Amino acid sequence: MAPRWRCGARILTVALGILQCCGWSSSQTIRTNMEMKRDALEHSPMSHERVKRGWVWNQFFVVEEYTGTEPLYVGKIHSDSDEGDGSIKYTISGEGAGTIFIIDEVTGDIHATERLDREEKAFYTLRAQARGRQTDAPLEPESEFVIKVQDINDSEPKFLEGPYIGSVAELSPIGTSVMKVMASDADDPTYGSSARIVYSVLEGERFFTVDRQTGLIRTAVADLDRETQDRYELVVKATDMAGQMGGLSGSTTVTIVITDVNDNPPRFPQKMYQFSVSEGADVGTPVGRVIATDADMGENTDMSYLIKDEEGGELFKVSTDSDTQEAVITIKKLLDFESKRTHNVVVEAINKHVDPRFVDLGTFRDQTIVRVSVSDVDEAPVFFPSTGTILEVQEDARVGALVGIVTARDPDMDNVPIRFSIDRITDQEQIFNIDPVTGAITLGKILDRETAGWHNITVAAVEADNQSMSSQTAVSIRILDVNDNPPELATPYEASICEDVKPGQLIHTISVVDRDEPQSGHRFYFTLAPEASNNRHFSLWDIKDKTAGIKTQRSGFNRHEQNVYLLPILVVDSGPPALSSTGTLTIHVCGCDTNGAIQSCNATAYVMSAALSPGALIALLVCALILIVLVLLILTLKRHRKGQRMSEDEEDMRDNVIKYNDEGGGEQDTQAYDMSALRSLYDFPEVKNSDSGPELRSVPQWIQNRVNGDGGPADFSLFKGYIRKKVEQADADLSVPPYDSFQTYAFEGTSSPALSLSSIRTLSTTSDQDFSYLSDWGPRFRQLAGYYAPAQPDEEGS
């Protein structure tokens with residue numbers, strides 16, 4: 001607290017605490033009691049009068065780690081107003097007041113009741129107060145003071161970051177820095193030597209040293225070899241009190257890893273390796289693997305391989321396997337047992353990353369010999385040349401003519417005979433043949449260069465005693481041209497001229513084509529055909545560049561006299577032999593305007609008027625007449641087809657007799673029709689003879705009457721024949737449904753006053769009515785008329 005100044009202030013005498021210096025080597029305690037007074041001057045802003053401060057303070061000190069049984073005396077506070085009569089009471093407050101620190105209220109003596117540790121708390125801040133014992137009123141303002149804990153050497157140095165791991169490259173020179181270690185001491189570095197630390201090496205001092213003050217570790221030797229020992233374990237000690245007797249110490253472990261440098265060359269374990277490979281092995285086939293060892297590690301072991309001798313470099317190739325660092329030897333060129341059976345290849349291994357600091361240690365490479373033995377295999381025939389054969393033959397060569405000869409041989413030692421053949425997939429038309437023994441290729445058909453100028457065939461060669469050993473080669477045959485095609489005009493040329501064209505005017509240019517291709521090039525000659533040699537209208541101009549021009553010889557053409565001229569042109573090539581052809585140039589005479597632009601090339605253009613010509617009118621009339629005839633024919637055909645359909649409909653009859661005029665007894669008459677009789681109208685059971693006479697069941701009444709009247713069974717053959725005929729027609733007709741319908745309406749109600757109108761009923765009567773008129777009703781009633789026609793004597797007899 002800041003001291004309070006006022007006029008007439010009393011002087012406070014403070015007794016300083018006794019400083020106890022506790023030595024661990026002796027049990028003596030030294031106490032010093034000091035009383036100090038401080039006077040201070042303060043000039044008031046309103047007055048220059050000198051005043052005296054009431055409280056005079058200093059710091060109290062107490063030693064840490066006190067081990068006595070009595071409370072430790074710290075110091076004394078005293079007020080100059082205290083006359084020793086006990087009227088003043090002293091109190092303290094703040095950190096540790098009443099617990100760690102206690103005060104005698106009468107004397108002001110302060111004692112420490114607990115063991116203090118400076119490393120836990122270095123000082124305590126408290127406040128002192130002088131009060132009246134009777135009134136407990138403050139006699140002086142509260143003032144602040146500090147009790148500092150005095151340090152003793154009770155904490156040993158500690159390596160807070162240990163254990164340590166460092167590294168250094170092998171073969172590093174003496175004194176190379178490796179790493180730095182650091183220890184800390186919890187004691188007070190500002191008081192005595194308790195926190196002054198020095199370093200030393202307890203284990204490993206032969207290879208490494210440590211700086212006493214900084215803790216920097218350095219190499220002590222220059223021949224550290226990772227391949228011999230790749231790590232070292234050091235014990236480093238830190239001692240306080242500057243290393244003096246009685247100082248405390250701590251230690252840590254330091255692991256130093258020796259890193260690799262490229263100080264070892266590659267070495268092949270063997271000076272010679274042997275491998276075997278077949279002569280039929282393809283290019284790129286691995287022959288074998290070799291490896292050179294390197295005592296280094298990491299990228300320092302990376303190496304590359306190469307072939308040193310020239311012969312081995314032509315036949316073999318070496319590459320490095322990046323994963324295993326092996327040298328992979330492969331075939332670069334096909335091997336031949338018959339040419340050479342053994343090859344010695346010199347392989348060299350070289351480090352990729354050479355450290356220039358260690359080049360004086362020797363060469364960083366090594367060599368070995370790889371002996372490759374070639375084994376013999378049965379090989380397919382080999383063509384000469386191996387890249388294929390090109391032959392030439394004249395276009396007009398005759399069938400059987402020699403085109404050329406292909407050559408192949410067995411590369412093995414036995415040299416067995418070879419047989420040749422043509423792959424017919426490449427010569428499906430069988431234009432060429434080949435002699436299987438000699439390989440001579442001859443013509444099998446006539447050639448035409450204009451159809452195919454080149455023929456590419458494949459010739460196969462096999463060993464005579466081993467058909468599996470075969471090979472193929474491509475044979476390209478070029479057809480040499482002969483002059484067998486005459487030149488022709490490039491297109492059917494047509495030209496147009498004006499009636500007032502001038503003589504010598506170029507009216508058209510023509511060109512020719514020739515399918516032949518003579519080696520010396522084309523040369524054509526143009527002339528008018530003999531039949532046009534007396535031509536007085538046009539002339540031919542040979543431009544001598546495969547083209548010719550047509551010029552007029554006169555003027556005054558009249559298209560009404562002749563509107564088209566046909567000019568035959570003879571074209572001859574240079575041979576040999578010279579061939580020719582005649583082409584025709586069509587020249588139209590046209591009417592032109594004053595600028596020479598063609599208007600019309602039609603000879604009748606000037607006689608055309610606004611009305612149509614008689615010929616055009618006749619053509620139009622003829623077209624109209626043809627259209628009318630076509631329409632009439634179509635209508636006639638439609639009528640004819642409709643009549644055919646009507647006749648077919650009339651002939652397609654069904655025996656369905658349908659009545660629409662039946663009458664009954666009305667809605668209340670339920671007995672008008674016997675439906676069971678309708679359902680069983682044609683249910684004709686077989687007529688069986690018995691002793692009592694014929695038995696009739698469910699037979700219609702009119703049939704029973706007829707049977708009873710005639711005294712014999714009814715004849716149903718007429719109905720059965722008709723039904724059978726209709727069934728057969730229905731079965732043969734694919735357009736009708738696959739079923740028949742037979743309906744009868746033969747009865748009427750019994751209560752009707754009208755007589756029966758059924759035509760069928762009349763069969764059982766003796767009526768004399770003439771039904772011959774039914775025959776005049778047409779085909780629809782033809783069958784009904786047959787039922788009622790008068791019976792012929794021969795029919796009745798039958």
# chains A, B, ... in the order shown; residues from 1 in each chain; ligands from 1
>>> residues_around(residues="range 373-383 of chain A", least_positions_apart="4", cutoff="9 Å", atoms="only C-alpha atoms", output="JSON, numbers by chain")
{"A": [274, 275, 276, 277, 278, 279, 280, 335, 336, 337, 338, 340, 341, 342, 343, 344, 387, 388, 406, 407, 408, 409, 410, 411, 412, 418, 461, 462, 463, 468, 469, 470, 471, 472, 473]}
>>> residues_around(residues="range 96-101 of chain A", least_positions_apart="6", cutoff="9 Å", atoms="only C-alpha atoms", output="list in words")
Val74, Ile110, His111, Ala112, Thr113, Glu114, Arg115, Leu116, Tyr124, Thr125, Leu126 and Arg127 of chain A
>>> write_last_selection(atoms="N, CA and C atoms", output="PDB file, in the first residue's frame")
ATOM      1  N   VAL A  74       9.838 -14.258  11.437  1.00  0.00           N
ATOM      2  CA  VAL A  74       9.977 -13.577  10.160  1.00  0.00           C
ATOM      3  C   VAL A  74      10.431 -12.141  10.368  1.00  0.00           C
ATOM      4  N   ILE A 110       6.092 -11.320  13.784  1.00  0.00           N
ATOM      5  CA  ILE A 110       5.465 -12.174  12.757  1.00  0.00           C
ATOM      6  C   ILE A 110       6.251 -13.478  12.692  1.00  0.00           C
ATOM      7  N   HIS A 111       5.515 -14.615  12.698  1.00  0.00           N
ATOM      8  CA  HIS A 111       6.121 -15.937  12.591  1.00  0.00           C
ATOM      9  C   HIS A 111       5.477 -16.717  11.442  1.00  0.00           C
ATOM     10  N   ALA A 112       6.288 -17.594  10.858  1.00  0.00           N
ATOM     11  CA  ALA A 112       5.794 -18.515   9.826  1.00  0.00           C
ATOM     12  C   ALA A 112       5.529 -19.851  10.461  1.00  0.00           C
ATOM     13  N   THR A 113       4.307 -20.355  10.301  1.00  0.00           N
ATOM     14  CA  THR A 113       3.918 -21.610  10.952  1.00  0.00           C
ATOM     15  C   THR A 113       4.044 -22.823  10.038  1.00  0.00           C
ATOM     16  N   GLU A 114       4.269 -22.642   8.729  1.00  0.00           N
ATOM     17  CA  GLU A 114       4.356 -23.766   7.799  1.00  0.00           C
ATOM     18  C   GLU A 114       5.676 -23.732   7.053  1.00  0.00           C
ATOM     19  N   ARG A 115       6.017 -24.892   6.538  1.00  0.00           N
ATOM     20  CA  ARG A 115       7.234 -25.024   5.736  1.00  0.00           C
ATOM     21  C   ARG A 115       6.985 -24.432   4.349  1.00  0.00           C
ATOM     22  N   LEU A 116       7.797 -23.484   3.932  1.00  0.00           N
ATOM     23  CA  LEU A 116       7.609 -22.778   2.667  1.00  0.00           C
ATOM     24  C   LEU A 116       8.509 -23.351   1.582  1.00  0.00           C
ATOM     25  N   TYR A 124       4.974 -13.401  -0.695  1.00  0.00           N
ATOM     26  CA  TYR A 124       3.606 -13.231  -0.212  1.00  0.00           C
ATOM     27  C   TYR A 124       3.384 -11.750   0.024  1.00  0.00           C
ATOM     28  N   THR A 125       2.267 -11.238  -0.340  1.00  0.00           N
ATOM     29  CA  THR A 125       1.922  -9.824  -0.153  1.00  0.00           C
ATOM     30  C   THR A 125       0.870  -9.724   0.953  1.00  0.00           C
ATOM     31  N   LEU A 126       1.202  -8.941   2.007  1.00  0.00           N
ATOM     32  CA  LEU A 126       0.291  -8.783   3.155  1.00  0.00           C
ATOM     33  C   LEU A 126       0.087  -7.302   3.438  1.00  0.00           C
ATOM     34  N   ARG A 127      -0.869  -7.008   4.354  1.00  0.00           N
ATOM     35  CA  ARG A 127      -1.178  -5.640   4.794  1.00  0.00           C
ATOM     36  C   ARG A 127      -1.182  -5.612   6.329  1.00  0.00           C
TER      37      ARG A 127
END
>>> closest_residue(among="A:Glu499, A:Asp435, A:Asp731, A:Asp516", to="Gln562 in chain A", atoms="only C-alpha atoms")
A:Glu499
>>> atom_distance(atom1="CA of Arg554 in chain A", atom2="CA of Asn535 in chain A")
10.9 Å
>>> select_by_dssp(residues="range 437-554 of chain A", states="strand (DSSP E or B)", output="PyMOL selection string")
chain A and resi 440-443+454-463+466-480+488-489+494-498+506-513+525-528+538-542+547-552
>>> residues_around(residues="Asp545 in chain A", least_positions_apart="5", cutoff="12 Å", atoms="only C-alpha atoms", output="PyMOL selection string")
chain A and resi 509-513+521-526
>>> residues_around(residues="Thr293 in chain A", least_positions_apart="4", cutoff="12 Å", atoms="only C-alpha atoms", output="compact mmCIF listing (two decimals) with C-alpha atoms, in the first residue's frame")
# COMPACT_ATOMS: atom_id res chain seq x y z
CA ASN A 264 30.50 -47.83 -50.72
CA PRO A 265 30.62 -48.85 -54.41
CA PRO A 266 28.34 -51.59 -55.88
CA ARG A 267 29.74 -55.10 -55.95
CA PHE A 268 28.63 -58.17 -57.91
CA PRO A 269 28.67 -61.28 -55.70
CA GLN A 270 29.86 -63.35 -58.70
CA MET A 297 21.11 -47.63 -47.85
CA ASN A 300 22.68 -44.36 -52.13
CA THR A 301 21.98 -47.93 -53.27
CA ASP A 302 20.30 -46.80 -56.50
CA MET A 303 22.31 -48.00 -59.43
CA THR A 324 14.61 -54.80 -56.54
CA GLN A 325 17.55 -52.91 -58.12
CA GLU A 326 18.22 -55.99 -60.28
CA ALA A 327 19.63 -55.93 -63.79
CA ALA A 349 26.79 -51.57 -62.36
CA ILE A 350 27.21 -47.85 -61.55
CA ASN A 351 25.93 -45.84 -58.59
CA PHE A 364 31.93 -46.55 -57.71
CA ARG A 365 31.25 -49.26 -60.33
CA ASP A 366 31.72 -52.98 -60.85
CA GLN A 367 31.52 -55.44 -63.74
>>> residues_around(residues="Asn563 in chain A", least_positions_apart="5", cutoff="10 Å", atoms="only C-alpha atoms", output="PyMOL selection string")
chain A and resi 496-497+499+557-558+587-591+601-603
>>> residues_around(residues="Ser772 in chain A", least_positions_apart="2", cutoff="8 Å", atoms="only C-alpha atoms", output="list in words")
Asp770, Leu774, Ser775, Asp776, Ala785, Tyr788 and Ala789 of chain A
>>> write_last_selection(atoms="all heavy atoms", output="JSON list (two decimals), in the first residue's frame")
[["chain", "number", "residue", "atom", "x", "y", "z"],
["A", 770, "ASP", "N", -102.55, -75.77, -107.08],
["A", 770, "ASP", "CA", -101.39, -75.85, -107.98],
["A", 770, "ASP", "C", -100.31, -74.87, -107.49],
["A", 770, "ASP", "O", -100.55, -73.68, -107.41],
["A", 770, "ASP", "CB", -101.82, -75.49, -109.40],
["A", 770, "ASP", "CG", -100.67, -75.69, -110.38],
["A", 770, "ASP", "OD1", -99.62, -76.27, -109.97],
["A", 770, "ASP", "OD2", -100.78, -75.23, -111.54],
["A", 774, "LEU", "N", -94.71, -71.31, -108.05],
["A", 774, "LEU", "CA", -93.52, -71.04, -107.21],
["A", 774, "LEU", "C", -92.24, -71.08, -108.02],
["A", 774, "LEU", "O", -91.22, -70.48, -107.63],
["A", 774, "LEU", "CB", -93.44, -72.05, -106.07],
["A", 774, "LEU", "CG", -94.58, -72.00, -105.05],
["A", 774, "LEU", "CD1", -94.41, -73.12, -104.02],
["A", 774, "LEU", "CD2", -94.58, -70.65, -104.34],
["A", 775, "SER", "N", -92.24, -71.78, -109.12],
["A", 775, "SER", "CA", -91.03, -71.86, -109.95],
["A", 775, "SER", "C", -90.72, -70.53, -110.60],
["A", 775, "SER", "O", -89.58, -70.30, -111.03],
["A", 775, "SER", "CB", -91.21, -72.94, -111.02],
["A", 775, "SER", "OG", -91.46, -74.19, -110.43],
["A", 776, "ASP", "N", -91.75, -69.63, -110.70],
["A", 776, "ASP", "CA", -91.51, -68.33, -111.32],
["A", 776, "ASP", "C", -91.04, -67.28, -110.33],
["A", 776, "ASP", "O", -90.84, -66.13, -110.70],
["A", 776, "ASP", "CB", -92.82, -67.86, -111.99],
["A", 776, "ASP", "CG", -93.30, -68.83, -113.05],
["A", 776, "ASP", "OD1", -92.40, -69.52, -113.63],
["A", 776, "ASP", "OD2", -94.50, -68.90, -113.30],
["A", 785, "ALA", "N", -90.21, -74.62, -104.33],
["A", 785, "ALA", "CA", -90.99, -75.09, -105.48],
["A", 785, "ALA", "C", -90.74, -76.57, -105.74],
["A", 785, "ALA", "O", -91.63, -77.30, -106.18],
["A", 785, "ALA", "CB", -90.64, -74.27, -106.72],
["A", 788, "TYR", "N", -93.12, -78.83, -103.75],
["A", 788, "TYR", "CA", -94.53, -78.88, -104.14],
["A", 788, "TYR", "C", -94.72, -79.16, -105.63],
["A", 788, "TYR", "O", -95.81, -79.01, -106.17],
["A", 788, "TYR", "CB", -95.21, -77.57, -103.79],
["A", 788, "TYR", "CG", -95.30, -77.35, -102.31],
["A", 788, "TYR", "CD1", -94.34, -76.62, -101.63],
["A", 788, "TYR", "CD2", -96.36, -77.92, -101.58],
["A", 788, "TYR", "CE1", -94.41, -76.44, -100.27],
["A", 788, "TYR", "CE2", -96.44, -77.74, -100.21],
["A", 788, "TYR", "CZ", -95.47, -77.00, -99.55],
["A", 788, "TYR", "OH", -95.52, -76.82, -98.19],
["A", 789, "ALA", "N", -93.70, -79.47, -106.32],
["A", 789, "ALA", "CA", -93.84, -79.82, -107.73],
["A", 789, "ALA", "C", -94.58, -81.14, -107.85],
["A", 789, "ALA", "O", -94.44, -82.03, -106.98],
["A", 789, "ALA", "CB", -92.48, -79.88, -108.40]]
>>> atom_distance(atom1="CA of Glu494 in chain A", atom2="CA of Leu585 in chain A")
5.7 Å
>>> closest_residue(among="A:Thr320, A:Glu392, A:Asp484, A:Ile405", to="Tyr305 in chain A", atoms="only C-alpha atoms")
A:Thr320
>>> atom_distance(atom1="CA of Phe384 in chain A", atom2="CA of Leu447 in chain A")
26.5 Å
